[in-house]
file input-v8.txt (compact mmCIF, C-alpha atoms (C1' of nucleotides))
# COMPACT_ATOMS: atom_id res chain seq x y z
CA MET A 27 -8.76 27.75 15.95
CA GLU A 28 -6.37 29.50 13.60
CA ASN A 29 -7.35 32.81 12.16
CA ILE A 30 -7.81 33.08 8.44
CA ALA A 31 -5.09 35.67 7.90
CA HIS A 32 -2.54 33.31 9.34
CA LEU A 33 -3.63 30.52 7.02
CA ARG A 34 -3.34 32.85 4.04
CA ASP A 35 0.12 33.92 5.14
CA ILE A 36 1.33 30.35 5.28
CA LEU A 37 -0.02 29.55 1.84
CA VAL A 38 1.24 32.75 0.24
CA SER A 39 4.68 32.40 1.75
CA HIS A 40 4.91 28.97 0.14
CA SER A 41 3.79 30.32 -3.25
CA LEU A 42 0.46 28.53 -3.14
CA ARG A 43 -2.84 30.01 -4.21
CA ILE A 44 -5.50 30.54 -1.59
CA THR A 45 -8.31 28.05 -2.02
CA ASP A 46 -11.00 26.77 0.28
CA CYS A 47 -9.65 23.28 0.19
CA ARG A 48 -6.12 24.33 1.08
CA LYS A 49 -7.26 26.62 3.86
CA ASN A 50 -9.43 23.93 5.40
CA VAL A 51 -6.82 21.21 5.13
CA LEU A 52 -4.13 23.46 6.53
CA GLN A 53 -6.36 24.46 9.42
CA PHE A 54 -7.06 20.81 10.10
CA PHE A 55 -3.34 20.12 10.28
CA LEU A 56 -2.78 23.07 12.59
CA ASN A 57 -5.57 22.05 14.94
CA ARG A 58 -4.43 18.46 15.22
CA GLU A 59 -1.37 17.45 17.08
CA SER A 60 -1.11 14.16 15.24
CA ALA A 61 0.03 13.44 11.73
CA LEU A 62 -2.58 12.86 9.04
CA SER A 63 -3.05 10.49 6.13
CA GLN A 64 -4.93 11.00 2.90
CA SER A 65 -7.79 8.90 4.23
CA ASP A 66 -8.03 11.03 7.37
CA LEU A 67 -8.65 13.96 5.07
CA GLU A 68 -11.17 12.06 2.98
CA ILE A 69 -13.18 11.27 6.09
CA GLU A 70 -13.04 14.85 7.33
CA PHE A 71 -13.63 16.63 4.03
CA THR A 72 -16.32 14.79 2.11
CA GLN A 73 -17.00 17.96 0.14
CA TYR A 74 -13.71 17.59 -1.75
CA ASP A 75 -12.73 14.95 -4.24
CA ARG A 76 -10.13 12.36 -3.23
CA VAL A 77 -7.89 13.57 -6.03
CA THR A 78 -8.13 17.15 -4.87
CA LEU A 79 -7.07 16.14 -1.39
CA TYR A 80 -4.31 14.04 -2.88
CA ARG A 81 -3.03 17.01 -4.85
CA THR A 82 -3.44 19.31 -1.88
CA LEU A 83 -1.17 17.04 0.12
CA ASN A 84 1.26 16.99 -2.77
CA SER A 85 1.37 20.75 -3.08
CA PHE A 86 1.90 21.07 0.67
CA LEU A 87 4.61 18.47 0.47
CA THR A 88 6.59 19.97 -2.39
CA SER A 89 6.21 23.50 -1.08
CA GLY A 90 7.49 22.44 2.31
CA ILE A 91 4.43 22.93 4.50
CA ILE A 92 4.30 19.29 5.51
CA HIS A 93 6.72 16.38 5.51
CA LYS A 94 6.19 12.70 4.85
CA ILE A 95 6.52 10.28 7.74
CA PRO A 96 7.76 6.76 6.97
CA ASN A 97 5.90 3.87 8.53
CA SER A 98 5.66 0.14 8.21
CA ARG A 99 2.04 0.06 7.18
CA GLY A 100 1.34 0.91 3.56
CA VAL A 101 -0.18 4.29 4.34
CA ALA A 102 1.55 7.60 3.84
CA THR A 103 1.18 10.02 6.73
CA TYR A 104 2.15 13.65 6.88
CA GLY A 105 3.10 16.07 9.61
CA LEU A 106 3.39 19.83 9.68
CA CYS A 107 6.85 21.24 9.17
CA ARG A 108 8.32 23.68 11.63
CA ASP A 109 8.34 27.36 10.79
CA THR A 110 12.02 27.13 10.08
CA CYS A 111 11.52 24.81 7.11
CA SER A 112 11.77 26.01 3.53
CA PRO A 113 11.04 23.99 0.39
CA ASP A 114 14.72 23.38 -0.28
CA HIS A 115 15.89 23.04 3.28
CA HIS A 116 14.03 21.04 5.90
CA GLU A 117 14.63 21.16 9.60
CA ASP A 118 12.46 18.16 10.35
CA ASN A 119 15.15 16.25 12.14
CA HIS A 120 12.87 15.20 14.94
CA ILE A 121 11.71 11.76 16.03
CA HIS A 122 8.27 10.49 15.01
CA PHE A 123 6.15 8.51 17.39
CA LYS A 124 3.51 5.96 16.48
CA CYS A 125 1.13 4.93 19.25
CA ASN A 126 0.18 1.27 19.09
CA HIS A 127 -2.91 1.97 21.15
CA CYS A 128 -4.69 4.90 19.49
CA GLY A 129 -2.81 4.58 16.21
CA GLU A 130 -1.85 8.25 16.09
CA ILE A 131 1.44 9.36 14.66
CA GLN A 132 2.99 12.41 16.27
CA CYS A 133 5.94 14.65 15.59
CA LEU A 134 8.12 14.87 18.68
CA ASP A 135 9.46 18.25 17.67
CA ASP A 136 11.80 18.49 20.62
CA GLN A 137 13.30 15.01 20.42
CA LEU A 138 16.03 15.42 17.85
CA ILE A 139 17.46 12.51 15.92
CA PRO A 140 20.94 11.76 17.22
CA GLU A 141 23.94 11.92 14.92
CA VAL A 142 24.97 8.63 13.33
CA THR A 143 27.87 7.56 11.18
CA MET A 144 27.73 5.51 8.00
CA PRO A 145 30.11 2.80 6.79
CA LYS A 146 32.76 3.78 4.23
CA GLY A 147 31.37 4.68 0.83
CA TYR A 148 27.89 5.51 2.05
CA LEU A 149 26.52 8.97 1.47
CA MET A 150 23.91 10.12 3.97
CA GLU A 151 21.16 12.44 2.75
CA THR A 152 18.16 12.22 5.06
CA VAL A 153 17.58 10.41 8.31
CA ASN A 154 14.28 9.20 9.73
CA MET A 155 13.60 7.79 13.14
CA ILE A 156 10.30 6.25 14.18
CA VAL A 157 9.51 5.05 17.67
CA ASP A 158 6.56 2.73 18.28
CA GLY A 159 4.97 2.45 21.67
CA VAL A 160 2.24 4.04 23.75
CA CYS A 161 1.73 7.79 23.71
CA ALA A 162 1.17 10.08 26.67
CA LYS A 163 -2.59 10.20 26.11
CA CYS A 164 -2.89 6.40 26.20
CA THR A 165 -0.65 5.52 29.12
CA MET B 29 24.53 -20.69 -2.22
CA GLU B 30 23.10 -21.99 1.03
CA ASN B 31 22.91 -25.69 1.56
CA ILE B 32 19.51 -27.28 1.92
CA ALA B 33 20.06 -28.59 5.44
CA HIS B 34 20.70 -25.08 6.67
CA LEU B 35 17.47 -23.84 5.12
CA ARG B 36 15.54 -26.65 6.77
CA ASP B 37 17.13 -25.88 10.09
CA ILE B 38 16.06 -22.27 9.92
CA LEU B 39 12.48 -23.19 9.03
CA VAL B 40 12.20 -25.94 11.63
CA SER B 41 13.67 -23.81 14.38
CA HIS B 42 10.96 -21.26 13.69
CA SER B 43 8.23 -23.92 13.76
CA LEU B 44 7.51 -23.68 10.06
CA ARG B 45 6.90 -26.60 7.77
CA ILE B 46 9.39 -27.30 5.04
CA THR B 47 7.98 -26.41 1.64
CA ASP B 48 9.55 -25.66 -1.71
CA CYS B 49 8.24 -22.15 -1.69
CA ARG B 50 9.63 -21.37 1.73
CA LYS B 51 12.99 -22.94 0.98
CA ASN B 52 13.35 -20.99 -2.23
CA VAL B 53 12.24 -17.69 -0.76
CA LEU B 54 14.50 -18.13 2.24
CA GLN B 55 17.44 -18.97 0.02
CA PHE B 56 16.73 -15.88 -2.03
CA PHE B 57 16.84 -13.77 1.10
CA LEU B 58 20.09 -15.37 2.23
CA ASN B 59 21.78 -14.85 -1.11
CA ARG B 60 20.80 -11.22 -1.40
CA GLU B 61 22.33 -8.52 0.66
CA SER B 62 19.46 -6.14 0.09
CA ALA B 63 16.01 -6.19 1.56
CA LEU B 64 13.17 -7.58 -0.54
CA SER B 65 9.60 -6.63 -1.30
CA GLN B 66 6.66 -8.80 -2.25
CA SER B 67 7.03 -7.70 -5.85
CA ASP B 68 10.69 -8.69 -5.90
CA LEU B 69 9.54 -12.17 -5.00
CA GLU B 70 6.78 -12.18 -7.60
CA ILE B 71 9.32 -11.33 -10.30
CA GLU B 72 11.75 -14.00 -9.12
CA PHE B 73 9.26 -16.78 -8.43
CA THR B 74 6.66 -16.83 -11.16
CA GLN B 75 5.94 -20.46 -10.32
CA TYR B 76 4.21 -19.46 -7.08
CA ASP B 77 0.99 -17.56 -6.66
CA ARG B 78 1.17 -14.00 -5.40
CA VAL B 79 -0.93 -14.96 -2.42
CA THR B 80 1.40 -17.80 -1.53
CA LEU B 81 4.36 -15.44 -1.58
CA TYR B 82 2.37 -12.97 0.46
CA ARG B 83 1.65 -15.58 3.08
CA THR B 84 5.20 -16.85 2.97
CA LEU B 85 6.39 -13.38 3.87
CA ASN B 86 3.79 -13.25 6.60
CA SER B 87 4.85 -16.56 8.10
CA PHE B 88 8.48 -15.48 8.01
CA LEU B 89 7.51 -12.21 9.61
CA THR B 90 5.47 -13.61 12.49
CA SER B 91 7.94 -16.41 13.14
CA GLY B 92 10.79 -13.92 13.31
CA ILE B 93 12.85 -14.91 10.29
CA ILE B 94 12.50 -11.52 8.69
CA HIS B 95 11.60 -8.05 9.90
CA LYS B 96 9.65 -5.28 8.26
CA ILE B 97 11.46 -2.15 7.19
CA PRO B 98 9.53 1.13 7.25
CA ASN B 99 9.88 3.41 4.27
CA SER B 100 8.26 6.49 2.85
CA ARG B 101 7.09 4.85 -0.34
CA GLY B 102 4.01 2.67 0.07
CA VAL B 103 5.83 -0.60 -0.43
CA ALA B 104 6.64 -2.98 2.38
CA THR B 105 10.17 -4.34 2.35
CA TYR B 106 11.66 -7.06 4.48
CA GLY B 107 15.11 -7.92 5.71
CA LEU B 108 16.56 -11.05 7.29
CA CYS B 109 16.73 -11.06 11.04
CA ARG B 110 19.96 -11.81 12.81
CA ASP B 111 20.48 -15.26 14.26
CA THR B 112 19.89 -13.85 17.70
CA CYS B 113 16.26 -12.96 16.96
CA SER B 114 13.37 -15.00 18.28
CA PRO B 115 9.68 -14.51 17.50
CA ASP B 116 9.06 -12.73 20.77
CA HIS B 117 12.33 -10.86 21.05
CA HIS B 118 13.96 -9.10 18.15
CA GLU B 119 17.51 -7.85 18.07
CA ASP B 120 17.08 -5.87 14.88
CA ASN B 121 18.24 -2.64 16.36
CA HIS B 122 20.32 -1.71 13.37
CA ILE B 123 19.98 1.17 10.93
CA HIS B 124 18.36 0.63 7.54
CA PHE B 125 19.72 2.29 4.46
CA LYS B 126 17.79 3.17 1.34
CA CYS B 127 19.84 4.03 -1.73
CA ASN B 128 18.28 6.78 -3.80
CA HIS B 129 20.29 5.66 -6.81
CA CYS B 130 19.76 1.90 -7.13
CA GLY B 131 16.70 1.83 -4.89
CA GLU B 132 18.00 -1.02 -2.75
CA ILE B 133 17.26 -1.17 0.93
CA GLN B 134 19.96 -2.67 3.09
CA CYS B 135 20.33 -3.68 6.70
CA LEU B 136 23.40 -2.04 8.19
CA ASP B 137 23.78 -4.78 10.76
CA ASP B 138 26.73 -3.13 12.44
CA GLN B 139 25.35 0.39 12.68
CA LEU B 140 23.28 0.26 15.82
CA ILE B 141 20.49 2.68 16.53
CA PRO B 142 21.60 5.10 19.25
CA GLU B 143 19.69 5.33 22.50
CA VAL B 144 17.02 8.00 22.67
CA THR B 145 14.77 9.30 25.40
CA MET B 146 11.04 9.94 25.19
CA PRO B 147 9.01 12.76 26.73
CA LYS B 148 7.17 12.06 29.98
CA GLY B 149 4.32 9.60 29.64
CA TYR B 150 5.59 7.99 26.46
CA LEU B 151 6.33 4.29 26.43
CA MET B 152 8.93 3.17 23.92
CA GLU B 153 8.55 -0.27 22.38
CA THR B 154 10.43 -0.44 19.09
CA VAL B 155 12.69 2.00 17.33
CA ASN B 156 13.34 2.28 13.62
CA MET B 157 15.93 4.38 11.88
CA ILE B 158 16.15 4.79 8.13
CA VAL B 159 18.88 6.66 6.35
CA ASP B 160 18.41 7.72 2.74
CA GLY B 161 21.37 8.47 0.53
CA VAL B 162 23.73 6.72 -1.85
CA CYS B 163 25.08 3.28 -1.04
CA ALA B 164 28.65 2.05 -1.32
CA LYS B 165 27.97 0.31 -4.64
CA CYS B 166 26.62 3.48 -6.22
CA THR B 167 29.12 6.07 -5.04
C1' DA C 10 4.38 -47.67 5.38
C1' DA C 11 -0.61 -46.07 5.87
C1' DT C 12 -3.27 -42.51 7.38
C1' DA C 13 -5.47 -38.52 9.76
C1' DT C 14 -5.08 -33.83 10.18
C1' DA C 15 -3.35 -29.48 10.54
C1' DC C 16 -1.13 -26.54 7.65
C1' DG C 17 0.21 -24.66 2.94
C1' DT C 18 -1.17 -23.37 -1.72
C1' DG C 19 -3.82 -21.61 -5.76
C1' DC C 20 -7.66 -19.25 -7.51
C1' DA C 21 -11.14 -15.83 -7.40
C1' DA C 22 -12.66 -11.90 -5.56
C1' DT C 23 -12.46 -7.70 -2.94
C1' DA C 24 -10.37 -3.78 -0.49
C1' DT C 25 -7.37 0.00 -0.21
C1' DA C 26 -3.97 3.30 -1.81
C1' DG C 27 -1.86 5.95 -5.27
C1' DT C 28 -1.90 8.20 -9.91
C1' DT C 29 -3.03 10.32 -14.64
C1' DG C 30 -5.77 12.79 -18.36
C1' DC C 31 -9.07 15.91 -19.48
C1' DA C 32 -12.77 19.23 -19.25
C1' DT C 33 -14.39 22.84 -16.32
C1' DT C 34 -13.96 26.30 -12.83
C1' DT C 35 -11.45 29.68 -10.12
C1' DA C 36 -7.60 32.72 -8.16
C1' DT C 37 -4.55 36.14 -9.31
C1' DG C 38 -1.70 39.72 -11.84
C1' DT C 39 -2.36 43.27 -15.09
C1' DA D 21 -12.81 43.29 -15.79
C1' DC D 22 -10.24 40.23 -18.11
C1' DA D 23 -6.67 36.91 -19.65
C1' DT D 24 -4.27 33.16 -18.09
C1' DA D 25 -2.20 29.92 -15.35
C1' DA D 26 -3.50 27.03 -11.78
C1' DA D 27 -6.96 24.24 -9.06
C1' DT D 28 -10.79 21.10 -9.05
C1' DG D 29 -13.95 17.14 -10.12
C1' DC D 30 -14.82 13.14 -12.63
C1' DA D 31 -13.60 8.88 -14.69
C1' DA D 32 -10.50 5.58 -15.28
C1' DC D 33 -6.53 2.95 -14.21
C1' DT D 34 -2.50 0.73 -11.72
C1' DA D 35 -0.38 -1.28 -7.85
C1' DT D 36 -0.56 -3.29 -3.50
C1' DA D 37 -2.72 -5.62 0.29
C1' DT D 38 -6.06 -8.99 2.01
C1' DT D 39 -9.77 -12.67 2.64
C1' DG D 40 -12.51 -17.05 1.79
C1' DC D 41 -12.69 -21.37 0.15
C1' DA D 42 -11.44 -25.68 -2.05
C1' DC D 43 -7.76 -28.62 -2.70
C1' DG D 44 -3.08 -30.51 -1.96
C1' DT D 45 0.82 -31.76 1.03
C1' DA D 46 4.05 -32.11 5.19
C1' DT D 47 4.23 -34.18 9.42
C1' DA D 48 3.10 -36.89 13.60
C1' DT D 49 0.98 -41.06 15.06
C1' DT D 50 0.15 -45.53 14.64

call {"tool": "encode", "arguments": {"input": "input-v8.txt", "output": "structure tokens"}}
result
Amino acid sequence: MENIAHLRDILVSHSLRITDCRKNVLQFFLNRESALSQSDLEIEFTQYDRVTLYRTLNSFLTSGIIHKIPNSRGVATYGLCRDTCSPDHHEDNHIHFKCNHCGEIQCLDDQLIPEVTMPKGYLMETVNMIVDGVCAKCT
Amino acid sequence: MENIAHLRDILVSHSLRITDCRKNVLQFFLNRESALSQSDLEIEFTQYDRVTLYRTLNSFLTSGIIHKIPNSRGVATYGLCRDTCSPDHHEDNHIHFKCNHCGEIQCLDDQLIPEVTMPKGYLMETVNMIVDGVCAKCT
DNA sequence: AATATACGTGCAATATAGTTGCATTTATGT
DNA sequence: ACATAAATGCAACTATATTGCACGTATATT
């Protein structure tokens, strides 16, 4: 359970206003170790409109509190950024893990994406790496 | 331009019946160097129903002719598998590239995904790596 | 070549996800 | 406490993904 002051700090430091919705959603992210989708939030927070949750995710995304995790299903999922991230510079160069058993998507913060090289003429901007398998809880 | 016999061979060797739709879609994949989405097919093949194209992609996917490429937008894209792929064993361990300029997604068949290790208790099944940037055609 | 049948296709309908505009409410700086 | 810029809720809309069912066709068998 995060204390409220901490939640406020995070929001303020990302130039976001303090609202109930944002505090609750942020707390939910902090309490969970797995990444979350919009529909996860809709199930958890029936008191807020889908659009509000959608825009909450968007504000977190553009302010650099969370990052988007690519996946092969058609559902966007989001994970908390590390403390070292800022809106213009992300340090989310870790591997993401999708468990085929429980379905959870996790940030493996300590497994860094290895360096790769591109063919001639290609300009590399961001790199994502997603491993599918069975997570520690399900093995 | 692929010859028809070759298209038939590919379909037959994956236990799929020969149909116009499948031949045309497969040819389209072979002629393009970029990955394709369902909507790409809908634009190209107005003579076929969306659902037919959807199921064509599905049959190609489960029979191992194409593979799904994860991406952060909510649109599934597909790339041709290498000749060495079979339905039960895929060799698509290459990096995918998404161009932020032209939007194309390409298979970098020769850029292999580097080996990575998982934390204790994690079981690795498949690995995906997606690089975003600017492709050779757009630089 | 005729034919049975399993498989492919088209249509209709539904489900799910993502997005915008607008009126109303609320957080925040002064 | 008040003005204002931002957040919220509602309604509507778009795009994408998916299923059931009836009908048509590729293929194996004879």

call {"tool": "closest_residue", "arguments": {"input": "input-v8.txt", "among": "A:Leu79, A:Leu33, A:Ile156, A:Cys164", "to": "chain B", "atoms": "only C-alpha atoms"}}
result
A:Ile156

call {"tool": "interface_residues", "arguments": {"input": "input-v8.txt", "of": "chain A", "to": "chain D", "cutoff": "10 Å", "atoms": "only C-alpha atoms (C1' of nucleotides)", "output": "list in words"}}
result
Leu42, Arg43, Ile44, Thr45, Cys47, Tyr74, Asp75, Arg76, Val77, Thr78, Leu79, Arg81, Thr82 and Gly100 of chain A

call {"tool": "residues_around", "arguments": {"input": "input-v8.txt", "residues": "A:Pro140", "least_positions_apart": "2", "cutoff": "8 Å", "atoms": "all atoms listed in the file", "output": "list in words"}}
result
Leu138 and Val142 of chain A; Pro142 and Val144 of chain B

call {"tool": "write_last_selection", "arguments": {"input": "input-v8.txt", "atoms": "C-alpha atoms", "output": "PDB file, in the frame of the given file"}}
result
ATOM      1  CA  LEU A 138      16.030  15.420  17.850  1.00  0.00           C
ATOM      2  CA  VAL A 142      24.970   8.630  13.330  1.00  0.00           C
TER       3      VAL A 142
ATOM      4  CA  PRO B 142      21.600   5.100  19.250  1.00  0.00           C
ATOM      5  CA  VAL B 144      17.020   8.000  22.670  1.00  0.00           C
TER       6      VAL B 144
END

call {"tool": "interface_residues", "arguments": {"input": "input-v8.txt", "of": "chain B", "to": "chain A", "cutoff": "12 Å", "atoms": "only C-alpha atoms", "output": "JSON, numbers by chain"}}
result
{"B": [95, 96, 97, 98, 99, 100, 101, 102, 103, 104, 105, 106, 121, 122, 123, 124, 125, 126, 127, 128, 129, 134, 135, 136, 137, 138, 139, 140, 141, 142, 143, 144, 145, 146, 147, 148, 149, 150, 151, 152, 153, 154, 155, 156, 157, 158, 159, 160, 161, 162, 163, 164, 165, 166, 167]}

call {"tool": "atom_distance", "arguments": {"input": "input-v8.txt", "atom1": "atom CA of B:Ala63", "atom2": "atom CA of B:Leu108"}}
result
7.5 Å

call {"tool": "atom_distance", "arguments": {"input": "input-v8.txt", "atom1": "atom CA of B:Leu89", "atom2": "atom CA of B:Cys109"}}
result
9.4 Å

call {"tool": "atom_distance", "arguments": {"input": "input-v8.txt", "atom1": "atom CA of A:Asn50", "atom2": "atom CA of A:Gly105"}}
result
15.4 Å

call {"tool": "closest_atom_pairs", "arguments": {"input": "input-v8.txt", "of": "chain C", "to": "chain B", "cutoff": "12 Å", "atoms": "only C-alpha atoms (C1' of nucleotides)", "output": "CSV"}}
result
residue,atom,partner,partner_atom,distance
C:DA15,C1',B:Arg45,CA,11.0
C:DC16,C1',B:Arg45,CA,8.0
C:DG17,C1',B:Thr47,CA,8.1
C:DT18,C1',B:Thr80,CA,6.1
C:DG19,C1',B:Asp77,CA,6.4
C:DC20,C1',B:Asp77,CA,8.9
C:DA21,C1',B:Val79,CA,11.4
C:DT25,C1',B:Gly102,CA,11.7
C:DA26,C1',B:Gly102,CA,8.2
C:DG27,C1',B:Gly102,CA,8.6

call {"tool": "build_atoms", "arguments": {"input": "input-v8.txt", "residues": "stretch 66-94 of chain B", "atoms": "N, CA and C atoms", "output": "mmCIF file, in the frame of the given file"}}
result
data_model
loop_
_atom_site.group_PDB
_atom_site.id
_atom_site.type_symbol
_atom_site.label_atom_id
_atom_site.label_comp_id
_atom_site.auth_asym_id
_atom_site.auth_seq_id
_atom_site.Cartn_x
_atom_site.Cartn_y
_atom_site.Cartn_z
ATOM 1 N N GLN B 66 7.517 -7.795 -1.640
ATOM 2 C CA GLN B 66 6.660 -8.800 -2.250
ATOM 3 C C GLN B 66 6.845 -8.845 -3.765
ATOM 4 N N SER B 67 6.954 -7.697 -4.391
ATOM 5 C CA SER B 67 7.030 -7.700 -5.850
ATOM 6 C C SER B 67 8.370 -8.234 -6.341
ATOM 7 N N ASP B 68 9.418 -8.045 -5.562
ATOM 8 C CA ASP B 68 10.690 -8.690 -5.900
ATOM 9 C C ASP B 68 10.504 -10.196 -5.983
ATOM 10 N N LEU B 69 9.762 -10.724 -5.026
ATOM 11 C CA LEU B 69 9.540 -12.170 -5.000
ATOM 12 C C LEU B 69 8.677 -12.612 -6.172
ATOM 13 N N GLU B 70 7.671 -11.821 -6.483
ATOM 14 C CA GLU B 70 6.780 -12.180 -7.600
ATOM 15 C C GLU B 70 7.555 -12.248 -8.914
ATOM 16 N N ILE B 71 8.514 -11.339 -9.074
ATOM 17 C CA ILE B 71 9.320 -11.330 -10.300
ATOM 18 C C ILE B 71 10.231 -12.555 -10.330
ATOM 19 N N GLU B 72 10.807 -12.879 -9.176
ATOM 20 C CA GLU B 72 11.750 -14.000 -9.120
ATOM 21 C C GLU B 72 11.057 -15.350 -9.203
ATOM 22 N N PHE B 73 9.912 -15.470 -8.549
ATOM 23 C CA PHE B 73 9.260 -16.780 -8.430
ATOM 24 C C PHE B 73 7.897 -16.790 -9.117
ATOM 25 N N THR B 74 7.927 -16.839 -10.425
ATOM 26 C CA THR B 74 6.660 -16.830 -11.160
ATOM 27 C C THR B 74 5.909 -18.146 -10.988
ATOM 28 N N GLN B 75 6.612 -19.166 -10.494
ATOM 29 C CA GLN B 75 5.940 -20.460 -10.320
ATOM 30 C C GLN B 75 4.983 -20.477 -9.128
ATOM 31 N N TYR B 76 5.104 -19.495 -8.248
ATOM 32 C CA TYR B 76 4.210 -19.460 -7.080
ATOM 33 C C TYR B 76 3.199 -18.331 -7.200
ATOM 34 N N ASP B 77 2.053 -18.567 -6.660
ATOM 35 C CA ASP B 77 0.990 -17.560 -6.660
ATOM 36 C C ASP B 77 1.384 -16.361 -5.792
ATOM 37 N N ARG B 78 0.889 -15.208 -6.188
ATOM 38 C CA ARG B 78 1.170 -14.000 -5.400
ATOM 39 C C ARG B 78 0.762 -14.190 -3.948
ATOM 40 N N VAL B 79 -0.409 -14.800 -3.775
ATOM 41 C CA VAL B 79 -0.930 -14.960 -2.420
ATOM 42 C C VAL B 79 -0.031 -15.869 -1.595
ATOM 43 N N THR B 80 0.490 -16.900 -2.233
ATOM 44 C CA THR B 80 1.400 -17.800 -1.530
ATOM 45 C C THR B 80 2.638 -17.048 -1.074
ATOM 46 N N LEU B 81 3.182 -16.223 -1.948
ATOM 47 C CA LEU B 81 4.360 -15.440 -1.580
ATOM 48 C C LEU B 81 4.013 -14.460 -0.464
ATOM 49 N N TYR B 82 2.846 -13.888 -0.577
ATOM 50 C CA TYR B 82 2.370 -12.970 0.460
ATOM 51 C C TYR B 82 2.325 -13.662 1.815
ATOM 52 N N ARG B 83 1.764 -14.868 1.808
ATOM 53 C CA ARG B 83 1.650 -15.580 3.080
ATOM 54 C C ARG B 83 2.983 -16.151 3.540
ATOM 55 N N THR B 84 3.852 -16.429 2.598
ATOM 56 C CA THR B 84 5.200 -16.850 2.970
ATOM 57 C C THR B 84 5.897 -15.731 3.720
ATOM 58 N N LEU B 85 5.806 -14.528 3.175
ATOM 59 C CA LEU B 85 6.390 -13.380 3.870
ATOM 60 C C LEU B 85 5.778 -13.221 5.251
ATOM 61 N N ASN B 86 4.468 -13.379 5.320
ATOM 62 C CA ASN B 86 3.790 -13.250 6.600
ATOM 63 C C ASN B 86 4.262 -14.287 7.614
ATOM 64 N N SER B 87 4.406 -15.524 7.168
ATOM 65 C CA SER B 87 4.850 -16.560 8.100
ATOM 66 C C SER B 87 6.280 -16.302 8.550
ATOM 67 N N PHE B 88 7.107 -15.831 7.640
ATOM 68 C CA PHE B 88 8.480 -15.480 8.010
ATOM 69 C C PHE B 88 8.487 -14.326 9.001
ATOM 70 N N LEU B 89 7.573 -13.411 8.773
ATOM 71 C CA LEU B 89 7.510 -12.210 9.610
ATOM 72 C C LEU B 89 7.082 -12.568 11.031
ATOM 73 N N THR B 90 5.985 -13.327 11.143
ATOM 74 C CA THR B 90 5.470 -13.610 12.490
ATOM 75 C C THR B 90 6.341 -14.630 13.211
ATOM 76 N N SER B 91 7.076 -15.443 12.463
ATOM 77 C CA SER B 91 7.940 -16.410 13.140
ATOM 78 C C SER B 91 9.301 -15.804 13.456
ATOM 79 N N GLY B 92 9.555 -14.620 12.951
ATOM 80 C CA GLY B 92 10.790 -13.920 13.310
ATOM 81 C C GLY B 92 11.981 -14.215 12.434
ATOM 82 N N ILE B 93 11.734 -14.694 11.210
ATOM 83 C CA ILE B 93 12.850 -14.910 10.290
ATOM 84 C C ILE B 93 13.236 -13.613 9.589
ATOM 85 N N ILE B 94 12.237 -12.815 9.305
ATOM 86 C CA ILE B 94 12.500 -11.520 8.690
ATOM 87 C C ILE B 94 11.836 -10.414 9.518
#
